[in-house]
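Colleague: Following this line is structure24.cif, made up of mmCIF, C-alpha atoms and all ligand atoms:
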data_data
#
loop_
_atom_site.label_atom_id
_atom_site.label_comp_id
_atom_site.auth_asym_id
_atom_site.auth_seq_id
_atom_site.Cartn_x
_atom_site.Cartn_y
_atom_site.Cartn_z
CA MET Z 1 0.00 0.00 0.00
CA TYR Z 2 1.25 3.41 -0.89
CA THR Z 3 2.69 5.65 1.80
CA VAL Z 4 3.62 9.25 1.11
CA PRO Z 5 7.44 9.66 1.14
CA LYS Z 6 9.18 12.68 2.55
CA LEU Z 7 10.88 14.79 -0.14
CA ASP Z 8 14.48 16.00 0.16
CA ASP Z 9 14.86 17.01 -3.44
CA TYR Z 10 12.42 19.59 -4.77
CA SER Z 11 13.85 19.77 -8.28
CA PRO Z 12 11.23 19.42 -11.03
CA ALA Z 13 12.67 16.03 -12.07
CA ALA Z 14 12.47 14.67 -8.52
CA LEU Z 15 8.92 16.05 -8.13
CA ASP Z 16 7.88 14.38 -11.41
CA ARG Z 17 9.28 11.06 -10.18
CA ALA Z 18 7.43 11.31 -6.86
CA VAL Z 19 4.18 12.23 -8.62
CA ALA Z 20 4.57 9.41 -11.17
CA GLU Z 21 5.09 6.95 -8.33
CA LEU Z 22 1.93 8.17 -6.65
CA PHE Z 23 -0.08 7.93 -9.88
CA SER Z 24 0.99 4.37 -10.48
CA ALA Z 25 0.03 3.50 -6.88
CA LEU Z 26 -3.38 5.10 -7.51
CA ASP Z 27 -3.85 3.10 -10.71
CA ALA Z 28 -2.82 -0.15 -9.03
CA GLU Z 29 -5.23 0.40 -6.16
CA THR Z 30 -8.21 1.26 -8.38
CA ALA Z 31 -7.54 -1.85 -10.48
CA ALA Z 32 -7.80 -4.01 -7.34
CA LEU Z 33 -11.27 -2.79 -6.31
CA HIS Z 34 -14.06 -5.35 -6.51
CA SER Z 35 -16.87 -4.25 -4.26
CA GLU Z 36 -18.59 -1.23 -2.87
CA SER Z 37 -16.89 -1.79 0.48
CA ASP Z 38 -13.44 -2.03 -1.20
CA TRP Z 39 -14.19 1.22 -2.88
CA LYS Z 40 -15.29 3.02 0.30
CA GLU Z 41 -12.14 1.95 2.08
CA PHE Z 42 -10.08 3.16 -0.88
CA ARG Z 43 -11.91 6.50 -1.03
CA ASP Z 44 -11.44 7.13 2.67
CA ARG Z 45 -7.78 6.20 2.53
CA TRP Z 46 -7.16 8.77 -0.17
CA MET Z 47 -9.62 11.53 0.60
CA ALA Z 48 -10.01 11.52 4.39
CA ARG Z 49 -9.44 15.04 5.71
CA LYS Z 50 -7.48 13.65 8.61
CA ASN Z 51 -4.51 11.62 7.44
CA GLY Z 52 -5.82 10.72 3.97
CA VAL Z 53 -3.13 10.36 1.29
CA LEU Z 54 -4.00 13.73 -0.24
CA THR Z 55 -3.86 15.42 3.16
CA GLN Z 56 -0.51 13.77 3.77
CA VAL Z 57 0.74 15.01 0.39
CA ASN Z 58 -0.39 18.48 1.30
CA ASP Z 59 1.36 18.31 4.67
CA THR Z 60 4.58 16.48 3.77
CA TRP Z 61 5.17 17.95 0.34
CA LEU Z 62 3.58 21.37 0.06
CA LYS Z 63 3.88 22.67 3.62
CA ALA Z 64 7.42 21.34 3.94
CA ALA Z 65 8.58 22.73 0.58
CA PRO Z 66 11.10 25.59 0.50
CA LYS Z 67 9.63 28.91 -0.58
CA GLU Z 68 11.07 28.84 -4.10
CA ALA Z 69 9.62 25.36 -4.82
CA LYS Z 70 6.11 26.02 -3.39
CA ARG Z 71 4.56 27.13 -6.67
CA ASP Z 72 5.84 24.08 -8.49
CA VAL Z 73 4.78 21.69 -5.74
CA GLY Z 74 1.38 23.40 -5.39
CA GLN Z 75 0.64 22.93 -9.10
CA ARG Z 76 1.48 19.26 -8.90
CA VAL Z 77 -0.57 18.73 -5.74
CA ASN Z 78 -3.63 20.30 -7.42
CA GLU Z 79 -3.15 18.08 -10.45
CA LEU Z 80 -2.88 15.13 -8.12
CA LYS Z 81 -6.09 15.98 -6.32
CA ALA Z 82 -7.99 16.34 -9.59
CA ARG Z 83 -6.66 13.05 -10.87
CA ALA Z 84 -7.36 11.21 -7.59
CA GLU Z 85 -10.94 12.53 -7.50
CA ALA Z 86 -11.50 11.48 -11.10
CA ALA Z 87 -10.06 8.02 -10.40
CA ILE Z 88 -12.24 7.56 -7.35
CA GLU Z 89 -15.37 8.51 -9.26
CA ALA Z 90 -14.48 6.28 -12.22
CA ALA Z 91 -13.79 3.35 -9.90
CA HIS Z 92 -17.18 3.81 -8.28
CA GLU Z 93 -18.97 3.76 -11.60
CA LYS Z 94 -17.07 0.67 -12.67
CA ILE Z 95 -18.01 -1.24 -9.51
CA HIS Z 96 -21.65 -0.28 -9.89
CA ALA Z 97 -21.76 -1.31 -13.51
CA SER Z 98 -20.18 -4.67 -12.76
CA SER Z 99 -22.40 -5.45 -9.77
CA ALA Z 100 -25.53 -4.56 -11.80
CA GLY Z 101 -24.14 -6.78 -14.55
CA ALA Z 102 -23.60 -9.60 -12.06
CA ARG Z 103 -27.17 -9.22 -10.82
CA LEU Z 104 -28.53 -9.34 -14.34
CA GLU Z 105 -26.46 -12.44 -14.96
CA ARG Z 106 -27.76 -14.08 -11.78
CA GLU Z 107 -31.35 -13.30 -12.66
CA ARG Z 108 -31.03 -14.21 -16.29
CA LEU Z 109 -34.11 -15.82 -17.71
CA ASP Z 110 -33.77 -18.19 -20.60
CA ILE Z 111 -37.04 -17.65 -22.39
CA THR Z 112 -36.18 -20.38 -24.89
CA LEU Z 113 -36.39 -23.11 -22.20
CA PRO Z 114 -39.51 -25.29 -22.41
CA GLY Z 115 -42.13 -24.37 -19.81
CA ILE Z 116 -43.34 -26.46 -16.85
CA ARG Z 117 -46.10 -28.69 -18.13
CA ARG Z 118 -49.22 -28.71 -15.98
CA PRO Z 119 -50.81 -32.13 -16.18
CA ILE Z 120 -54.48 -31.90 -17.02
CA GLY Z 121 -56.59 -33.51 -14.31
CA VAL Z 122 -59.04 -36.29 -15.06
CA LYS Z 123 -62.04 -37.66 -13.23
CA HIS Z 124 -61.17 -40.01 -10.39
CA PRO Z 125 -61.96 -43.61 -11.41
CA VAL Z 126 -64.61 -43.93 -8.65
CA LEU Z 127 -66.34 -40.76 -9.77
CA ARG Z 128 -66.03 -41.85 -13.37
CA VAL Z 129 -67.76 -45.18 -12.69
CA GLN Z 130 -70.37 -43.44 -10.53
CA ASP Z 131 -71.14 -41.03 -13.36
CA GLU Z 132 -71.27 -43.89 -15.81
CA ILE Z 133 -73.81 -45.79 -13.69
CA VAL Z 134 -75.89 -42.64 -13.25
CA SER Z 135 -75.88 -41.95 -16.98
CA VAL Z 136 -77.12 -45.49 -17.74
CA PHE Z 137 -80.18 -44.80 -15.57
CA LYS Z 138 -80.60 -41.24 -16.80
CA ALA Z 139 -80.95 -42.71 -20.28
CA MET Z 140 -83.87 -44.76 -18.92
CA GLY Z 141 -85.61 -41.61 -17.64
CA TYR Z 142 -84.31 -41.55 -14.07
CA SER Z 143 -83.54 -38.25 -12.38
CA VAL Z 144 -80.69 -37.77 -9.90
CA GLY Z 145 -81.20 -37.13 -6.19
CA GLU Z 146 -78.82 -36.15 -3.43
CA GLY Z 147 -79.01 -36.00 0.33
CA PRO Z 148 -76.95 -35.21 3.44
CA GLU Z 149 -74.04 -37.42 4.45
CA VAL Z 150 -74.73 -36.68 8.11
CA GLU Z 151 -78.16 -38.19 8.56
CA THR Z 152 -80.62 -38.79 11.37
CA ASP Z 153 -81.31 -42.23 12.75
CA TYR Z 154 -84.88 -41.77 11.52
CA TYR Z 155 -83.98 -41.41 7.84
CA ASN Z 156 -81.07 -43.82 7.87
CA PHE Z 157 -82.88 -46.65 9.73
CA GLU Z 158 -86.33 -46.14 11.17
CA SER Z 159 -88.18 -44.93 8.07
CA LEU Z 160 -86.50 -47.69 6.07
CA ASN Z 161 -88.22 -50.22 8.25
CA PHE Z 162 -85.30 -50.94 10.57
CA PRO Z 163 -87.13 -50.95 13.92
CA PRO Z 164 -85.10 -49.78 16.93
CA ASN Z 165 -82.94 -52.64 18.24
CA HIS Z 166 -83.67 -54.71 15.14
CA PRO Z 167 -80.71 -57.03 14.45
CA ALA Z 168 -80.54 -55.84 10.83
CA ARG Z 169 -78.96 -52.64 12.15
CA ASP Z 170 -75.99 -54.68 13.29
CA THR Z 171 -75.10 -55.59 9.72
CA GLN Z 172 -74.25 -51.94 9.10
CA ASP Z 173 -71.63 -50.94 11.65
CA THR Z 174 -72.62 -47.35 12.11
CA LEU Z 175 -70.51 -44.31 12.97
CA PHE Z 176 -72.58 -42.09 15.28
CA ILE Z 177 -71.80 -38.46 16.04
CA ALA Z 178 -70.61 -38.24 19.68
CA GLY Z 179 -72.40 -36.51 22.55
CA GLN Z 180 -76.05 -36.98 21.59
CA GLU Z 181 -77.11 -39.26 24.43
CA ARG Z 182 -79.81 -36.84 25.59
CA LYS Z 183 -81.52 -36.72 22.18
CA PRO Z 184 -84.37 -39.11 21.32
CA ALA Z 185 -82.97 -42.06 19.36
CA ARG Z 186 -84.57 -41.13 16.05
CA GLU Z 187 -83.02 -37.62 16.10
CA ARG Z 188 -79.48 -38.79 16.74
CA LEU Z 189 -77.04 -37.95 13.95
CA LEU Z 190 -74.85 -40.49 12.22
CA LEU Z 191 -72.80 -40.82 9.07
CA ARG Z 192 -75.22 -42.41 6.64
CA THR Z 193 -74.51 -46.10 6.09
CA HIS Z 194 -76.24 -46.15 2.70
CA THR Z 195 -77.79 -43.67 0.27
CA SER Z 196 -81.23 -45.18 0.93
CA PRO Z 197 -82.35 -42.36 3.30
CA VAL Z 198 -82.58 -40.21 0.17
CA GLN Z 199 -85.37 -42.55 -1.00
CA ILE Z 200 -87.60 -41.31 1.83
CA ARG Z 201 -86.44 -37.72 1.45
CA SER Z 202 -87.24 -37.87 -2.28
CA MET Z 203 -90.69 -39.40 -1.76
CA GLU Z 204 -91.47 -36.70 0.83
CA LYS Z 205 -90.77 -34.09 -1.85
CA LEU Z 206 -92.08 -35.73 -5.02
CA ALA Z 207 -95.35 -37.50 -5.72
CA PRO Z 208 -95.37 -40.77 -7.70
CA PRO Z 209 -94.55 -41.77 -10.38
CA LEU Z 210 -90.92 -41.50 -9.32
CA ARG Z 211 -87.73 -42.75 -10.93
CA ILE Z 212 -84.58 -41.61 -9.23
CA VAL Z 213 -80.94 -42.63 -8.77
CA ILE Z 214 -79.00 -41.45 -5.76
CA PRO Z 215 -75.21 -41.47 -5.98
CA GLY Z 216 -73.11 -40.58 -2.97
CA LYS Z 217 -70.62 -41.24 -0.24
CA VAL Z 218 -71.47 -43.57 2.64
CA HIS Z 219 -69.65 -44.60 5.83
CA ARG Z 220 -69.39 -47.76 7.87
CA ASN Z 221 -67.23 -48.77 10.75
CA ASP Z 222 -65.45 -51.35 8.59
CA PRO Z 223 -61.74 -51.93 8.99
CA LEU Z 224 -59.79 -51.28 5.81
CA ASP Z 225 -58.92 -54.42 3.87
CA ALA Z 226 -58.57 -55.39 0.21
CA THR Z 227 -62.29 -55.02 -0.50
CA HIS Z 228 -63.62 -52.90 2.41
CA SER Z 229 -63.18 -49.27 3.29
CA PRO Z 230 -64.85 -47.18 6.01
CA VAL Z 231 -65.82 -44.73 3.26
CA PHE Z 232 -67.22 -45.83 -0.05
CA HIS Z 233 -69.78 -44.84 -2.67
CA GLN Z 234 -73.16 -46.17 -3.59
CA VAL Z 235 -75.67 -45.62 -6.32
CA GLU Z 236 -79.15 -46.29 -5.05
CA GLY Z 237 -82.17 -46.48 -7.32
CA LEU Z 238 -85.89 -46.20 -6.72
CA ALA Z 239 -88.81 -46.58 -9.11
CA VAL Z 240 -92.40 -46.09 -7.90
CA ASP Z 241 -95.49 -46.21 -10.07
CA THR Z 242 -98.71 -48.14 -10.47
CA ASN Z 243 -98.22 -51.79 -11.43
CA ILE Z 244 -94.47 -51.98 -10.96
CA THR Z 245 -93.53 -55.64 -10.70
CA PHE Z 246 -90.46 -57.74 -9.99
CA SER Z 247 -90.14 -58.25 -13.77
CA ASP Z 248 -89.61 -54.51 -14.18
CA LEU Z 249 -86.83 -54.68 -11.60
CA LYS Z 250 -85.17 -57.60 -13.37
CA GLY Z 251 -85.50 -56.03 -16.81
CA THR Z 252 -84.14 -52.68 -15.62
CA LEU Z 253 -81.11 -54.13 -13.86
CA ASP Z 254 -80.39 -56.60 -16.66
CA HIS Z 255 -80.36 -53.72 -19.14
CA ALA Z 256 -78.15 -51.60 -16.84
CA MET Z 257 -75.59 -54.41 -16.43
CA LYS Z 258 -75.41 -54.92 -20.19
CA ALA Z 259 -74.86 -51.16 -20.61
CA LEU Z 260 -72.08 -51.21 -18.00
CA PHE Z 261 -70.28 -54.49 -18.78
CA GLY Z 262 -71.25 -55.35 -22.36
CA SER Z 263 -74.23 -56.96 -24.06
CA SER Z 264 -73.10 -60.56 -23.46
CA VAL Z 265 -73.35 -60.26 -19.66
CA LYS Z 266 -76.15 -62.24 -17.98
CA THR Z 267 -77.89 -61.61 -14.66
CA ARG Z 268 -79.56 -63.83 -12.10
CA PHE Z 269 -81.38 -63.16 -8.85
CA TYR Z 270 -81.19 -64.95 -5.50
CA PRO Z 271 -83.47 -64.49 -2.50
CA SER Z 272 -82.00 -62.23 0.17
CA PHE Z 273 -83.13 -59.99 3.01
CA PHE Z 274 -83.21 -56.22 3.44
CA PRO Z 275 -85.59 -54.52 5.90
CA PHE Z 276 -86.82 -52.00 3.32
CA THR Z 277 -87.62 -54.44 0.48
CA GLU Z 278 -89.95 -57.42 0.28
CA PRO Z 279 -89.17 -59.65 -1.49
CA SER Z 280 -85.43 -58.91 -1.54
CA ALA Z 281 -82.79 -60.30 -3.85
CA ASP Z 282 -79.06 -60.38 -4.50
CA MET Z 283 -78.24 -59.92 -8.14
CA GLN Z 284 -75.30 -61.69 -9.74
CA VAL Z 285 -73.72 -61.06 -13.14
CA SER Z 286 -72.04 -63.68 -15.26
CA CYS Z 287 -68.28 -63.42 -14.67
CA ILE Z 288 -66.95 -60.56 -16.79
CA PHE Z 289 -63.48 -62.16 -16.83
CA CYS Z 290 -64.26 -65.68 -18.02
CA GLY Z 291 -67.70 -65.14 -19.52
CA GLY Z 292 -69.20 -67.64 -17.09
CA LYS Z 293 -66.85 -70.58 -17.70
CA GLY Z 294 -65.31 -70.26 -14.25
CA CYS Z 295 -62.02 -68.64 -13.20
CA ARG Z 296 -60.09 -67.56 -10.10
CA LYS Z 297 -61.90 -64.19 -9.99
CA CYS Z 298 -65.36 -65.78 -9.80
CA LYS Z 299 -64.08 -68.57 -7.57
CA PHE Z 300 -64.86 -70.93 -10.48
CA SER Z 301 -68.60 -70.36 -10.12
CA GLY Z 302 -68.99 -68.31 -13.32
CA TRP Z 303 -70.97 -65.65 -11.38
CA ILE Z 304 -70.13 -62.52 -9.41
CA GLU Z 305 -72.41 -61.05 -6.75
CA LEU Z 306 -72.94 -57.39 -7.52
CA LEU Z 307 -75.87 -55.71 -5.84
CA GLY Z 308 -78.89 -55.90 -3.58
CA CYS Z 309 -82.42 -55.09 -4.69
CA GLY Z 310 -86.07 -55.83 -4.12
CA MET Z 311 -89.66 -54.59 -4.17
CA VAL Z 312 -90.18 -51.62 -1.84
CA ASP Z 313 -91.66 -52.89 1.45
CA PRO Z 314 -95.18 -51.43 1.92
CA ASN Z 315 -94.11 -50.37 5.44
CA VAL Z 316 -91.62 -47.96 3.85
CA PHE Z 317 -94.39 -46.24 1.89
CA GLY Z 318 -96.22 -45.98 5.22
CA PHE Z 319 -93.51 -43.63 6.50
CA VAL Z 320 -94.21 -41.14 3.71
CA LYS Z 321 -97.14 -39.23 5.11
CA HIS Z 322 -98.15 -37.15 2.10
CA ASN Z 323 -97.88 -37.28 -1.67
CA GLY Z 324 -100.08 -40.35 -2.22
CA TYR Z 325 -97.65 -43.19 -1.56
CA ASP Z 326 -100.55 -45.53 -0.80
CA SER Z 327 -99.28 -49.10 -0.94
CA SER Z 328 -102.70 -50.34 -2.04
CA LYS Z 329 -102.38 -48.25 -5.22
CA ILE Z 330 -98.69 -48.06 -6.01
CA SER Z 331 -95.67 -50.31 -5.89
CA GLY Z 332 -91.98 -49.89 -6.56
CA PHE Z 333 -88.55 -51.41 -6.59
CA ALA Z 334 -85.23 -50.31 -5.18
CA PHE Z 335 -81.64 -51.35 -5.68
CA GLY Z 336 -78.24 -50.28 -4.42
CA MET Z 337 -74.78 -50.96 -5.73
CA GLY Z 338 -71.27 -50.21 -4.48
CA VAL Z 339 -69.41 -47.99 -6.92
CA GLU Z 340 -65.95 -49.17 -5.82
CA ARG Z 341 -67.05 -52.78 -6.24
CA ILE Z 342 -67.97 -52.11 -9.86
CA ALA Z 343 -64.82 -50.04 -10.44
CA ILE Z 344 -62.70 -52.89 -9.05
CA LEU Z 345 -64.32 -55.29 -11.53
CA LYS Z 346 -64.20 -52.92 -14.49
CA TYR Z 347 -60.57 -51.92 -14.04
CA GLU Z 348 -59.32 -55.13 -12.38
CA VAL Z 349 -58.01 -53.22 -9.36
CA GLU Z 350 -56.56 -55.47 -6.67
CA GLU Z 351 -57.06 -53.34 -3.57
CA ILE Z 352 -59.80 -50.85 -2.72
CA GLN Z 353 -57.27 -48.61 -0.89
CA LEU Z 354 -55.71 -47.67 -4.21
CA PHE Z 355 -58.75 -45.50 -4.88
CA TYR Z 356 -58.15 -43.37 -1.77
CA GLU Z 357 -54.38 -43.15 -1.50
CA GLY Z 358 -54.07 -40.40 -4.10
CA ASP Z 359 -51.02 -42.05 -5.67
CA VAL Z 360 -50.53 -40.36 -9.03
CA ARG Z 361 -48.89 -43.47 -10.49
CA PHE Z 362 -52.18 -45.32 -9.96
CA LEU Z 363 -54.50 -42.48 -10.92
CA GLU Z 364 -52.73 -41.45 -14.11
CA GLN Z 365 -53.56 -44.83 -15.62
CA PHE Z 366 -57.11 -43.50 -15.93
CA ALA Z 367 -56.03 -40.31 -17.71
ZN ZN H 1 -64.80 -66.03 -13.91
#
Represent the structure of the file as structure tokens.

Modeller:
Amino acid sequence: MYTVPKLDDYSPAALDRAVAELFSALDAETAALHSESDWKEFRDRWMARKNGVLTQVNDTWLKAAPKEAKRDVGQRVNELKARAEAAIEAAHEKIHASSAGARLERERLDITLPGIRRPIGVKHPVLRVQDEIVSVFKAMGYSVGEGPEVETDYYNFESLNFPPNHPARDTQDTLFIAGQERKPARERLLLRTHTSPVQIRSMEKLAPPLRIVIPGKVHRNDPLDATHSPVFHQVEGLAVDTNITFSDLKGTLDHAMKALFGSSVKTRFYPSFFPFTEPSADMQVSCIFCGGKGCRKCKFSGWIELLGCGMVDPNVFGFVKHNGYDSSKISGFAFGMGVERIAILKYEVEEIQLFYEGDVRFLEQFA
């Protein structure tokens, strides 16, 4: 670092040498500046009023000069000051320009790079199958009904002909809302175990004839395994009119299964029990994998059990107070199917959990 030497010789040649030395020191120091803080340090070292290089030059050269040399020294000191000021200003500009350049470089945007592709979402396979089932029935003139997922005991059980303490309630492990012990049993809230309560709600609103499908989410206290989930989806159907018979039920469901699985699929009906239908049946379809010959998927029976159905129990109509649901004049059928069950068959999915895990690798297969 440059320090101001004392001068013994004040001849013009000696003065020129001293000044040249100082200039080259100034040039060397400005060349070594890289940052704003370097520059500030440099500026202060040269310009500080107290003990800056220029002050030192003034004190050691000009003040100490003999009278006859003062004019000569003074001229050179002024020149020096002007040059130092110019160098300091130029150095500042240079640092600014290069730091702005560095920032631009850092923030450089390559507009020729390909953009980030946003994958287009698709319908979830469960929703897709649910919509497909609904559209099959819509094409047969059914309308679509919806109802609350948090339901009262009355709509979920009682009005569907599940008497209090009836053992049929035990087949649907129910999730009740906590803290309702003081309410009368029929007002207690629960997560609906089926979409059937919407049957009653729909009949309360609409007079017969009625044809309605009810898709939606239902809940049961089932542990999660390959084919069961505590949350799943159902499509429930209800048709009420004069002279509706079991043949209408069979014909309707047979047509729907052919629409869903292909025209070669066959259906058959087995006696079953549900509190809200009489008679009740389980419907089976011919195995969609082997065509009925027998395979591992149908346990070599050639048939797969798919849904429950039956003729609406007259007691259920008795719970609808208005709107003319008089069981001596009208009749109807109802059915309910699990959407996941059908999706599992349609897409040959091994585990029901795959529908709820949100794993993109699974879901994008349906894109
Ligand atoms: Zn089979």

Colleague: Expressed in Å to a single decimal, how great is the separation between atom CA of Z:Leu80 and atom CA of Z:Ser98?

Modeller: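 So the two atoms, atom CA of Z:Leu80 and atom CA of Z:Ser98, lie 26.7 Å apart.
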
Colleague: Could you list, as a list of chain:residue names, every residue within 6 Å of stretch 148-156 of chain Z, counting all atoms listed in the file and ignoring same-chain residues fewer than 2 positions away?

Modeller: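 Here the answer would be Z:Glu158, Z:Ser159, Z:Arg186, Z:Glu187, Z:Arg188, Z:Leu189, Z:Leu190, Z:Leu191, Z:Arg192, Z:Pro197.
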
Colleague: List the neighbours of Z:Met311 out to 12 Å using only C-alpha atoms; skip same-chain residues closer than 2 positions along the sequence, and give me the result as number ranges by chain.

Modeller: Z: 237-241, 243-250, 271-281, 308-309, 313-317, 327, 330-335

Colleague: Looking at Z:Lys81, Z:His124, Z:Lys67, Z:Arg108, which one is nearest to Z:Phe362, with distances taken over all atoms listed in the file?

Modeller: Z:His124

Colleague: Pick out the residues no farther than 7 Å from ligand ZN 1 (chain H), counting all atoms listed in the file, and list them as a list in words.

Modeller: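 For ligand ZN 1 (chain H), the residues inside 7 Å are Cys287, Ile288, Phe289, Cys290, Gly291, Gly292, Lys293, Gly294, Cys295, Arg296, Lys297, Cys298, Lys299, Phe300, Ser301, Gly302 and Trp303 of chain Z.
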
Colleague: Please identify all polymer residues within 8 Å of Z:Tyr270, counting only C-alpha atoms, omitting same-chain residues fewer than 3 positions from it, and present them as a PyMOL selection string.

Modeller: chain Z and resi 281-284

Colleague: Under the rule that all atoms listed in the file are counted, which of Z:Gly147, Z:Gly251, Z:Gly358, Z:Gly121 is the nearest residue to Z:Lys217?

Modeller: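 Answer, going by the shortest atom-to-atom distance: Z:Gly147.
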
Colleague: Excluding stretch 201-205 of chain Z and residues on its chain fewer than 4 positions from it, collect all residues at most 7 Å away from it, counting all atoms listed in the file, and give them as a PyMOL selection string.

Modeller: chain Z and resi 197+320+322-323

Colleague: How many Å lie between atom CA of Z:Gly74 and atom CA of Z:Asp44, rounded to one decimal?

Modeller: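 We find that atom CA of Z:Gly74 and atom CA of Z:Asp44 lie 22.2 Å from each other.
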
Colleague: Nearest to Z:His194: which of Z:Ala28, Z:Ile133, Z:Ile212, Z:Leu160 is it, counting only C-alpha atoms?

Modeller: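 The answer is Z:Leu160, which sits nearest to Z:His194.
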
Colleague: Please list as a list in words every residue within 12 Å of Z:Arg83, counting all atoms listed in the file and excluding residues in the same chain fewer than 2 positions away.

Modeller: Val19, Ala20, Leu22, Phe23, Ser24, Leu26, Asp27, Trp46, Met47, Leu54, Arg76, Val77, Asn78, Glu79, Leu80, Lys81, Glu85, Ala86, Ala87, Ile88, Glu89 and Ala90 of chain Z

Colleague: Counting all atoms listed in the file, which residue out of Z:Leu253, Z:Val285, Z:Val53, Z:Leu7 sits closest to Z:Thr267?

Modeller: Z:Val285

Colleague: Measure the distance from atom CA of Z:Glu105 to atom CA of Z:Lys40 in Å and round it to one decimal.

Modeller: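 Separation of atom CA of Z:Glu105 and atom CA of Z:Lys40: 24.4 Å.
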